[in-house]
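One file, final_24.txt, is given below (compact mmCIF, C-alpha atoms).
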```
# COMPACT_ATOMS: atom_id res chain seq x y z
CA MET A 50 15.72 7.24 -6.16
CA HIS A 51 13.00 7.58 -8.83
CA GLN A 52 12.94 3.82 -9.34
CA GLU A 53 12.60 3.31 -5.58
CA THR A 54 9.62 5.68 -5.46
CA ALA A 55 8.06 3.85 -8.42
CA ARG A 56 8.52 0.55 -6.57
CA PHE A 57 6.70 2.00 -3.55
CA LEU A 58 3.86 3.20 -5.77
CA THR A 59 3.38 -0.04 -7.67
CA GLU A 60 3.80 -2.52 -4.79
CA GLY A 61 1.02 -5.11 -5.00
CA GLY A 62 -0.54 -3.57 -8.11
CA LEU A 63 -1.48 -5.15 -11.42
CA PRO A 64 0.96 -6.30 -14.11
CA TYR A 65 1.64 -4.03 -17.09
CA SER A 66 3.77 -4.29 -20.23
CA GLU A 67 7.00 -2.50 -21.11
CA ASN A 68 5.37 -0.21 -23.68
CA SER A 69 2.26 0.59 -21.68
CA LEU A 70 0.98 3.94 -20.52
CA ALA A 71 1.08 2.61 -16.95
CA LYS A 72 4.86 2.19 -17.17
CA LYS A 73 5.30 5.79 -18.33
CA LEU A 74 2.93 7.11 -15.67
CA ASN A 75 4.41 5.12 -12.76
CA GLU A 76 8.08 5.17 -13.62
CA TYR A 77 8.45 8.52 -15.35
CA TYR A 78 5.61 11.02 -14.83
CA ALA A 79 4.62 10.22 -11.23
CA VAL A 80 8.16 10.24 -9.89
CA GLU A 81 9.22 13.45 -11.60
CA ASP A 82 10.58 15.92 -9.04
CA ASN A 83 10.56 18.96 -11.32
CA VAL A 84 7.14 20.47 -10.63
CA THR A 85 7.41 22.87 -13.59
CA ARG A 86 7.14 20.08 -16.18
CA TRP A 87 4.09 20.31 -18.43
CA PHE A 88 2.34 17.25 -16.97
CA MET A 89 2.81 18.47 -13.40
CA VAL A 90 1.45 21.91 -14.33
CA SER A 91 -1.45 20.27 -16.20
CA VAL A 92 -2.49 18.21 -13.17
CA ALA A 93 -2.32 21.29 -10.92
CA GLY A 94 -4.29 23.26 -13.54
CA ILE A 95 -7.05 20.65 -13.70
CA VAL A 96 -7.37 20.62 -9.89
CA ALA A 97 -7.45 24.44 -9.82
CA LEU A 98 -10.10 24.60 -12.55
CA THR A 99 -12.26 22.05 -10.69
CA VAL A 100 -12.10 24.09 -7.49
CA VAL A 101 -12.80 27.36 -9.33
CA ALA A 102 -15.75 25.73 -11.14
CA GLU A 103 -17.19 24.66 -7.77
CA MET A 104 -16.84 28.23 -6.50
CA PHE A 105 -18.81 29.51 -9.50
CA LEU A 106 -21.48 26.94 -8.63
CA HIS A 107 -21.60 28.28 -5.05
CA GLN A 108 -20.06 25.13 -3.56
CA ILE A 109 -16.80 24.39 -1.82
CA PHE A 110 -14.47 21.57 -2.71
CA GLY A 111 -14.54 19.77 0.64
CA GLU A 112 -14.30 16.15 1.68
CA SER A 113 -14.04 15.57 5.44
CA THR A 114 -17.45 17.07 6.29
CA THR A 115 -18.87 13.89 4.76
CA ASP A 116 -17.43 11.88 7.66
CA SER A 117 -19.29 14.03 10.21
CA TRP A 118 -22.36 13.76 8.01
CA ILE A 119 -22.20 9.94 7.81
CA ALA A 120 -21.45 9.56 11.55
CA GLY A 121 -24.33 11.93 12.31
CA HIS A 122 -26.79 9.98 10.17
CA LEU A 123 -25.68 6.59 11.50
CA PHE A 124 -25.04 7.19 15.19
CA MET A 125 -26.23 10.58 16.42
CA PRO A 126 -28.95 12.10 14.21
CA THR A 127 -30.37 14.29 17.01
CA PHE A 128 -26.96 15.62 18.13
CA LYS A 129 -26.71 19.42 17.82
CA TYR A 130 -23.51 19.37 15.75
CA SER A 131 -25.03 16.74 13.43
CA GLN A 132 -28.00 19.01 12.81
CA ILE A 133 -25.66 21.85 11.82
CA VAL A 134 -23.80 19.55 9.43
CA PHE A 135 -27.05 18.23 7.88
CA LYS A 136 -28.21 21.77 7.13
CA GLY A 137 -24.86 23.03 5.89
CA ILE A 138 -23.79 20.07 3.74
CA GLY A 139 -23.31 20.85 0.08
CA TRP A 140 -21.71 18.66 -2.56
CA GLU A 141 -19.14 17.18 -0.19
CA PRO A 142 -20.50 13.57 -0.20
CA TYR A 143 -20.57 13.66 -4.01
CA SER A 144 -17.03 15.11 -4.01
CA ASP A 145 -15.96 12.08 -1.98
CA ILE A 146 -17.68 9.62 -4.30
CA GLY A 147 -16.15 11.46 -7.27
CA THR A 148 -12.69 11.23 -5.71
CA ILE A 149 -13.12 7.48 -5.13
CA MET A 150 -14.34 6.95 -8.71
CA GLY A 151 -11.51 9.09 -10.12
CA ALA A 152 -8.84 7.21 -8.17
CA PHE A 153 -10.50 3.92 -9.08
CA PHE A 154 -10.56 4.84 -12.78
CA SER A 155 -6.91 5.84 -12.65
CA ALA A 156 -5.88 2.66 -10.80
CA VAL A 157 -7.64 0.37 -13.29
CA PHE A 158 -7.26 2.19 -16.63
CA LEU A 159 -4.13 4.32 -16.29
CA THR A 160 -1.60 3.39 -13.59
CA ARG A 161 -2.67 -0.24 -12.93
CA ARG A 162 -2.07 0.35 -9.22
CA PHE A 163 -5.31 -1.33 -8.09
CA THR A 164 -4.27 -3.66 -5.28
CA ALA A 165 -7.56 -5.59 -4.96
CA PHE A 166 -7.68 -5.22 -1.15
CA ARG A 167 -4.56 -7.33 -0.75
CA ASP A 168 -2.79 -7.29 2.57
CA ILE A 169 0.00 -4.92 1.57
CA ILE A 170 2.38 -3.10 3.84
CA PRO A 171 3.99 -0.28 1.86
CA PRO A 172 7.79 -0.65 1.63
CA SER A 173 8.33 2.77 3.27
CA SER A 174 6.33 1.59 6.30
CA ALA A 175 7.90 -1.89 6.32
CA GLU A 176 11.41 -0.45 6.32
CA ARG A 177 10.70 1.84 9.25
CA PHE A 178 8.25 -0.14 11.39
CA GLY A 179 8.62 -3.75 10.25
CA THR A 180 6.08 -6.06 8.66
CA ASN A 181 3.74 -6.64 11.59
CA PRO A 182 0.19 -6.15 10.15
CA ALA A 183 -1.26 -5.17 13.56
CA LYS A 184 1.31 -2.39 13.91
CA ARG A 185 0.56 -1.20 10.40
CA PHE A 186 -3.19 -1.26 11.07
CA LEU A 187 -2.83 0.71 14.31
CA GLY A 188 -0.49 3.22 12.66
CA SER A 189 -2.69 3.87 9.63
CA PHE A 190 -5.98 3.84 11.57
CA GLY A 191 -4.58 6.00 14.39
CA GLY A 192 -3.00 8.44 11.94
CA ALA A 193 -6.18 8.73 9.91
CA TYR A 194 -8.21 9.22 13.10
CA LEU A 195 -5.94 12.04 14.28
CA MET A 196 -6.04 13.68 10.86
CA LEU A 197 -9.84 13.57 10.73
CA PHE A 198 -10.16 14.72 14.33
CA GLY A 199 -7.96 17.72 13.53
CA ALA A 200 -9.90 18.42 10.34
CA ARG A 201 -13.19 18.53 12.22
CA MET A 202 -11.68 20.72 14.97
CA ALA A 203 -10.58 23.15 12.25
CA ASP A 204 -14.02 22.81 10.61
CA GLY A 205 -12.49 21.62 7.36
CA CYS A 206 -9.71 19.57 5.85
CA ALA A 207 -6.96 20.12 3.30
CA SER A 208 -9.38 20.26 0.39
CA GLY A 209 -11.74 22.72 2.09
CA HIS A 210 -9.16 25.02 3.68
CA ILE A 211 -6.18 24.68 1.36
CA LEU A 212 -7.76 24.20 -2.07
CA SER A 213 -10.97 26.18 -1.62
CA GLY A 214 -9.83 28.54 1.17
CA ASP A 215 -6.56 29.58 -0.46
CA LEU A 216 -8.23 30.18 -3.81
CA GLU A 217 -10.67 32.50 -2.06
CA MET A 218 -7.65 34.20 -0.41
CA ALA A 219 -9.14 33.41 3.01
CA LEU A 220 -6.75 34.19 5.87
CA SER A 221 -7.96 31.08 7.72
CA GLY A 222 -7.05 28.98 4.69
CA LEU A 223 -3.53 30.43 4.52
CA GLU A 224 -3.04 29.85 8.27
CA PHE A 225 -4.25 26.27 7.90
CA THR A 226 -1.90 25.69 4.95
CA ALA A 227 1.11 26.95 6.92
CA ALA A 228 0.16 24.79 9.92
CA VAL A 229 -0.32 21.68 7.75
CA PHE A 230 3.04 22.05 5.99
CA ALA A 231 4.91 22.73 9.24
CA SER A 232 3.24 19.73 10.95
CA MET A 233 3.95 17.54 7.93
CA LEU A 234 7.69 18.30 7.95
CA ILE A 235 8.04 17.92 11.72
CA THR A 236 6.03 14.66 11.83
CA ALA A 237 7.91 13.15 8.87
CA HIS A 238 11.22 14.11 10.50
CA TYR A 239 10.40 12.46 13.83
CA VAL A 240 8.40 9.47 12.59
CA TYR A 241 10.77 8.48 9.78
CA LYS A 242 13.89 9.80 11.53
CA LYS A 243 15.40 11.17 8.35
CA ARG A 244 16.98 14.54 7.77
CA TRP A 245 15.32 16.87 5.34
CA MET B 127 -1.19 -18.73 -10.87
CA ALA B 128 -4.52 -20.53 -11.17
CA VAL B 129 -5.91 -18.52 -14.08
CA ASN B 130 -4.00 -18.25 -17.37
CA GLU B 131 -2.93 -14.96 -18.96
CA LYS B 132 -5.57 -14.97 -21.69
CA GLU B 133 -8.38 -15.41 -19.18
CA LEU B 134 -6.95 -12.61 -17.07
CA GLU B 135 -6.90 -10.28 -20.07
CA GLU B 136 -10.53 -11.12 -20.81
CA MET B 137 -11.53 -10.54 -17.18
CA ASP B 138 -9.71 -7.20 -17.28
CA LYS B 139 -11.58 -6.14 -20.42
CA ILE B 140 -14.93 -7.25 -18.98
CA PHE B 141 -14.35 -5.25 -15.81
CA LYS B 142 -13.36 -2.16 -17.78
CA VAL B 143 -16.68 -2.33 -19.64
CA ILE B 144 -18.56 -2.81 -16.34
CA PHE B 145 -16.71 0.18 -14.88
CA ILE B 146 -17.60 2.48 -17.80
CA ILE B 147 -21.26 1.44 -17.53
CA GLY B 148 -21.13 2.07 -13.75
CA LEU B 149 -19.53 5.48 -14.26
CA ILE B 150 -22.17 6.56 -16.77
CA LEU B 151 -24.83 5.23 -14.37
CA GLU B 152 -23.34 7.39 -11.58
CA PHE B 153 -23.85 10.55 -13.65
CA VAL B 154 -27.34 9.55 -14.76
CA VAL B 155 -28.44 8.65 -11.22
CA ALA B 156 -26.93 11.88 -9.84
CA ILE B 157 -28.90 13.93 -12.36
CA ILE B 158 -32.10 12.04 -11.60
CA VAL B 159 -31.92 12.06 -7.78
CA THR B 160 -30.89 15.70 -7.49
CA GLY B 161 -33.22 17.01 -10.18
CA ASN B 162 -30.09 18.46 -11.87
CA ALA B 163 -29.94 21.27 -9.29
CA THR B 164 -28.04 20.56 -6.08
CA THR B 165 -28.73 23.78 -4.25
CA THR B 166 -30.30 22.17 -1.20
CA PRO B 167 -28.43 19.96 1.32
CA LEU B 168 -28.01 16.41 0.04
CA THR B 169 -30.10 13.72 1.71
CA ALA B 170 -28.89 10.29 2.83
CA SER B 171 -30.87 8.53 0.09
CA GLN B 172 -29.41 10.79 -2.63
CA VAL B 173 -25.87 9.94 -1.48
CA ALA B 174 -26.63 6.24 -0.97
CA ALA B 175 -27.98 5.96 -4.54
CA LEU B 176 -24.53 6.89 -5.88
CA GLY B 177 -22.45 5.36 -3.12
CA ILE B 178 -23.91 1.89 -3.66
CA ILE B 179 -22.76 1.89 -7.31
CA ALA B 180 -19.18 2.73 -6.25
CA VAL B 181 -19.23 0.01 -3.56
CA ILE B 182 -20.54 -2.65 -5.99
CA LEU B 183 -17.87 -1.72 -8.55
CA LEU B 184 -15.16 -1.96 -5.88
CA LEU B 185 -16.40 -5.39 -4.80
CA ILE B 186 -16.46 -6.70 -8.38
CA ALA B 187 -12.99 -5.26 -9.01
CA GLY B 188 -11.72 -6.80 -5.78
CA ILE B 189 -12.94 -10.25 -6.83
CA ILE B 190 -11.63 -9.99 -10.39
CA TYR B 191 -8.25 -8.41 -9.72
CA SER B 192 -7.43 -10.65 -6.76
CA GLN B 193 -6.95 -13.35 -9.46
CA PHE B 194 -4.08 -11.31 -10.92
CA PRO B 195 -0.52 -11.95 -9.75
CA TYR B 196 1.00 -9.69 -7.08
CA SER B 197 3.19 -7.26 -9.03
CA VAL B 198 5.84 -4.66 -8.42
CA LEU B 199 6.75 -2.22 -11.21
CA GLY B 200 4.22 -4.07 -13.36
CA LYS B 201 6.02 -7.40 -13.07
CA PRO B 202 4.64 -10.41 -11.19
CA VAL B 203 6.80 -11.24 -8.17
CA GLU B 204 5.30 -14.56 -7.06
CA LYS B 205 8.18 -16.55 -8.51
CA GLU B 206 10.78 -14.33 -6.84
CA LYS B 207 8.97 -14.68 -3.51
CA GLN B 208 8.87 -18.46 -3.86
CA LYS B 209 12.58 -18.52 -4.61
CA VAL B 210 13.35 -16.48 -1.51
CA GLU B 211 11.17 -18.78 0.61
CA GLU B 212 12.88 -21.84 -0.83
CA ARG B 213 16.31 -20.38 -0.11
CA SER B 214 15.39 -19.46 3.45
CA GLY B 215 13.59 -22.81 3.93
```

Show me, as structure tokens, the structure contained in the file I just sent.
Amino acid sequence: MHQETARFLTEGGLPYSENSLAKKLNEYYAVEDNVTRWFMVSVAGIVALTVVAEMFLHQIFGESTTDSWIAGHLFMPTFKYSQIVFKGIGWEPYSDIGTIMGAFFSAVFLTRRFTAFRDIIPPSSAERFGTNPAKRFLGSFGGAYLMLFGARMADGCASGHILSGDLEMALSGLEFTAAVFASMLITAHYVYKKRW
Amino acid sequence: MAVNEKELEEMDKIFKVIFIIGLILEFVVAIIVTGNATTTPLTASQVAALGIIAVILLLIAGIIYSQFPYSVLGKPVEKEKQKVEERSG
């Protein structure tokens, strides 16, 4: 099971040696299911500290507002909602760039999972929906569109509502968290047709 | 594989250096364009100044790492794929 997950994670990535850090990270640390292990707690702690630090700096840790912000600047700068976003935007675009750079750093230096924009269909998707690239494109694009649409309807995404909102003990954040987890389990159950 | 292993290792090292320089540049540019105090809404030019560095790094990485063999669990699988194709062919 762990090996299978590691295969999914490393599909199409870069080669690494037997004694490398990448091997440990991909085939041992990343696939660990005991969330109380020190490395799991450390990762959660780092995320929590980042979000708390942003709160002290009077910012929220948010990401999806950037999409409204970019769309507003590119296509509808005079739109009323765009104007609200332009005035209210904080560090979100920099949070997004930071997330990209962090993932990029990890993929090149640590896990070696950088796939160099290869045409890869993840094994989990291939097993369930086949290897048709058009189907994969529609599924991933459509899913991402729905997720972003929902995030903007809720005026925030998982990072804004769950990470920042829950740390502030905001009722809206807790509601959002419950809704996200319930939707996640139901969707996974019906889309992948597996019992939980 | 068109490029040999030694050349790939060198390309990997070169990109890592480029990445570190780019990362440091990101912080320096962020400090300069925001005046080290991001209390006002970010402008498009402030974001673009950082975003362009990330995009350039991704493009360079895409070109360099597309030379590397397709791997699963850190092991190149080109040979295995060829074998499967030969068998099915």

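CA of Lys242 (chain A) lies 8.9 Å from CA of Arg177 (chain A).
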
Counting all atoms listed in the file, chain A residues within 6 Å of chain B, as a compact mmCIF listing (two decimals) with C-alpha atoms, in the coordinates of the input:
```txt
# COMPACT_ATOMS: atom_id res chain seq x y z
CA ARG A 56 8.52 0.55 -6.57
CA THR A 59 3.38 -0.04 -7.67
CA GLU A 60 3.80 -2.52 -4.79
CA GLY A 61 1.02 -5.11 -5.00
CA GLY A 62 -0.54 -3.57 -8.11
CA LEU A 63 -1.48 -5.15 -11.42
CA PRO A 64 0.96 -6.30 -14.11
CA TYR A 65 1.64 -4.03 -17.09
CA ILE A 138 -23.79 20.07 3.74
CA GLY A 139 -23.31 20.85 0.08
CA ALA A 165 -7.56 -5.59 -4.96
```

For this session: To one decimal in Å, tell me the separation between CA of Ile169 (chain A) and CA of Asp82 (chain A).
Result: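 CA of Asp82 (chain A) lies at a distance of 25.7 Å from CA of Ile169 (chain A).
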
For this session: Could you jot down the CA of Asn75 (chain A) to CA of Thr160 (chain A) separation for me, Å, one decimal place?
Result: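 CA of Asn75 (chain A) sits 6.3 Å away from CA of Thr160 (chain A).
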
Repair of region 147-181 of chain B at the level of N, CA and C atoms, as an mmCIF file, in the coordinates of the input:
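The resulting selection_26.cif:
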```
data_model
loop_
_atom_site.group_PDB
_atom_site.id
_atom_site.type_symbol
_atom_site.label_atom_id
_atom_site.label_comp_id
_atom_site.auth_asym_id
_atom_site.auth_seq_id
_atom_site.Cartn_x
_atom_site.Cartn_y
_atom_site.Cartn_z
ATOM 1 N N ILE B 147 -19.792 1.433 -17.681
ATOM 2 C CA ILE B 147 -21.260 1.440 -17.530
ATOM 3 C C ILE B 147 -21.616 2.027 -16.147
ATOM 4 N N GLY B 148 -20.887 1.575 -15.109
ATOM 5 C CA GLY B 148 -21.130 2.070 -13.750
ATOM 6 C C GLY B 148 -20.909 3.568 -13.644
ATOM 7 N N LEU B 149 -19.857 4.053 -14.312
ATOM 8 C CA LEU B 149 -19.530 5.480 -14.260
ATOM 9 C C LEU B 149 -20.627 6.324 -14.913
ATOM 10 N N ILE B 150 -21.087 5.846 -16.084
ATOM 11 C CA ILE B 150 -22.170 6.560 -16.770
ATOM 12 C C ILE B 150 -23.424 6.552 -15.890
ATOM 13 N N LEU B 151 -23.677 5.384 -15.266
ATOM 14 C CA LEU B 151 -24.830 5.230 -14.370
ATOM 15 C C LEU B 151 -24.746 6.222 -13.199
ATOM 16 N N GLU B 152 -23.539 6.432 -12.687
ATOM 17 C CA GLU B 152 -23.340 7.390 -11.580
ATOM 18 C C GLU B 152 -23.852 8.777 -11.993
ATOM 19 N N PHE B 153 -23.439 9.222 -13.181
ATOM 20 C CA PHE B 153 -23.850 10.550 -13.650
ATOM 21 C C PHE B 153 -25.366 10.617 -13.859
ATOM 22 N N VAL B 154 -25.898 9.575 -14.477
ATOM 23 C CA VAL B 154 -27.340 9.550 -14.760
ATOM 24 C C VAL B 154 -28.139 9.573 -13.448
ATOM 25 N N VAL B 155 -27.734 8.717 -12.504
ATOM 26 C CA VAL B 155 -28.440 8.650 -11.220
ATOM 27 C C VAL B 155 -28.324 9.977 -10.473
ATOM 28 N N ALA B 156 -27.120 10.588 -10.516
ATOM 29 C CA ALA B 156 -26.930 11.880 -9.840
ATOM 30 C C ALA B 156 -27.871 12.939 -10.399
ATOM 31 N N ILE B 157 -27.999 12.950 -11.719
ATOM 32 C CA ILE B 157 -28.900 13.930 -12.360
ATOM 33 C C ILE B 157 -30.348 13.660 -11.947
ATOM 34 N N ILE B 158 -30.714 12.386 -11.938
ATOM 35 C CA ILE B 158 -32.100 12.040 -11.600
ATOM 36 C C ILE B 158 -32.431 12.364 -10.134
ATOM 37 N N VAL B 159 -31.563 11.904 -9.203
ATOM 38 C CA VAL B 159 -31.920 12.060 -7.780
ATOM 39 C C VAL B 159 -31.819 13.505 -7.287
ATOM 40 N N THR B 160 -31.010 14.312 -7.951
ATOM 41 C CA THR B 160 -30.890 15.700 -7.490
ATOM 42 C C THR B 160 -31.770 16.644 -8.302
ATOM 43 N N GLY B 161 -32.408 16.138 -9.341
ATOM 44 C CA GLY B 161 -33.220 17.010 -10.180
ATOM 45 C C GLY B 161 -32.343 17.996 -10.934
ATOM 46 N N ASN B 162 -31.067 17.649 -11.129
ATOM 47 C CA ASN B 162 -30.090 18.460 -11.870
ATOM 48 C C ASN B 162 -29.862 19.836 -11.236
ATOM 49 N N ALA B 163 -30.187 19.980 -9.953
ATOM 50 C CA ALA B 163 -29.940 21.270 -9.290
ATOM 51 C C ALA B 163 -29.659 21.047 -7.814
ATOM 52 N N THR B 164 -28.387 20.846 -7.475
ATOM 53 C CA THR B 164 -28.040 20.560 -6.080
ATOM 54 C C THR B 164 -27.815 21.854 -5.318
ATOM 55 N N THR B 165 -28.874 22.561 -5.031
ATOM 56 C CA THR B 165 -28.730 23.780 -4.250
ATOM 57 C C THR B 165 -29.195 23.592 -2.818
ATOM 58 N N THR B 166 -29.860 22.474 -2.561
ATOM 59 C CA THR B 166 -30.300 22.170 -1.200
ATOM 60 C C THR B 166 -29.388 21.084 -0.615
ATOM 61 N N PRO B 167 -29.291 20.996 0.740
ATOM 62 C CA PRO B 167 -28.430 19.960 1.320
ATOM 63 C C PRO B 167 -28.791 18.565 0.815
ATOM 64 N N LEU B 168 -27.763 17.767 0.547
ATOM 65 C CA LEU B 168 -28.010 16.410 0.040
ATOM 66 C C LEU B 168 -28.625 15.542 1.138
ATOM 67 N N THR B 169 -29.504 14.639 0.742
ATOM 68 C CA THR B 169 -30.100 13.720 1.710
ATOM 69 C C THR B 169 -29.352 12.391 1.678
ATOM 70 N N ALA B 170 -29.579 11.584 2.722
ATOM 71 C CA ALA B 170 -28.890 10.290 2.830
ATOM 72 C C ALA B 170 -29.223 9.396 1.634
ATOM 73 N N SER B 171 -30.490 9.418 1.194
ATOM 74 C CA SER B 171 -30.870 8.530 0.090
ATOM 75 C C SER B 171 -30.214 8.970 -1.224
ATOM 76 N N GLN B 172 -30.072 10.288 -1.407
ATOM 77 C CA GLN B 172 -29.410 10.790 -2.630
ATOM 78 C C GLN B 172 -27.962 10.305 -2.693
ATOM 79 N N VAL B 173 -27.278 10.362 -1.528
ATOM 80 C CA VAL B 173 -25.870 9.940 -1.480
ATOM 81 C C VAL B 173 -25.768 8.418 -1.617
ATOM 82 N N ALA B 174 -26.672 7.707 -0.929
ATOM 83 C CA ALA B 174 -26.630 6.240 -0.970
ATOM 84 C C ALA B 174 -26.845 5.713 -2.390
ATOM 85 N N ALA B 175 -27.693 6.403 -3.159
ATOM 86 C CA ALA B 175 -27.980 5.960 -4.540
ATOM 87 C C ALA B 175 -26.695 5.919 -5.365
ATOM 88 N N LEU B 176 -25.809 6.877 -5.143
ATOM 89 C CA LEU B 176 -24.530 6.890 -5.880
ATOM 90 C C LEU B 176 -23.478 6.027 -5.215
ATOM 91 N N GLY B 177 -23.471 6.091 -3.875
ATOM 92 C CA GLY B 177 -22.450 5.360 -3.120
ATOM 93 C C GLY B 177 -22.527 3.863 -3.361
ATOM 94 N N ILE B 178 -23.744 3.336 -3.491
ATOM 95 C CA ILE B 178 -23.910 1.890 -3.660
ATOM 96 C C ILE B 178 -23.290 1.411 -4.979
ATOM 97 N N ILE B 179 -23.357 2.265 -6.004
ATOM 98 C CA ILE B 179 -22.760 1.890 -7.310
ATOM 99 C C ILE B 179 -21.245 1.770 -7.156
ATOM 100 N N ALA B 180 -20.644 2.755 -6.456
ATOM 101 C CA ALA B 180 -19.180 2.730 -6.250
ATOM 102 C C ALA B 180 -18.765 1.492 -5.450
ATOM 103 N N VAL B 181 -19.554 1.166 -4.413
ATOM 104 C CA VAL B 181 -19.230 0.010 -3.560
ATOM 105 C C VAL B 181 -19.321 -1.295 -4.370
#
```
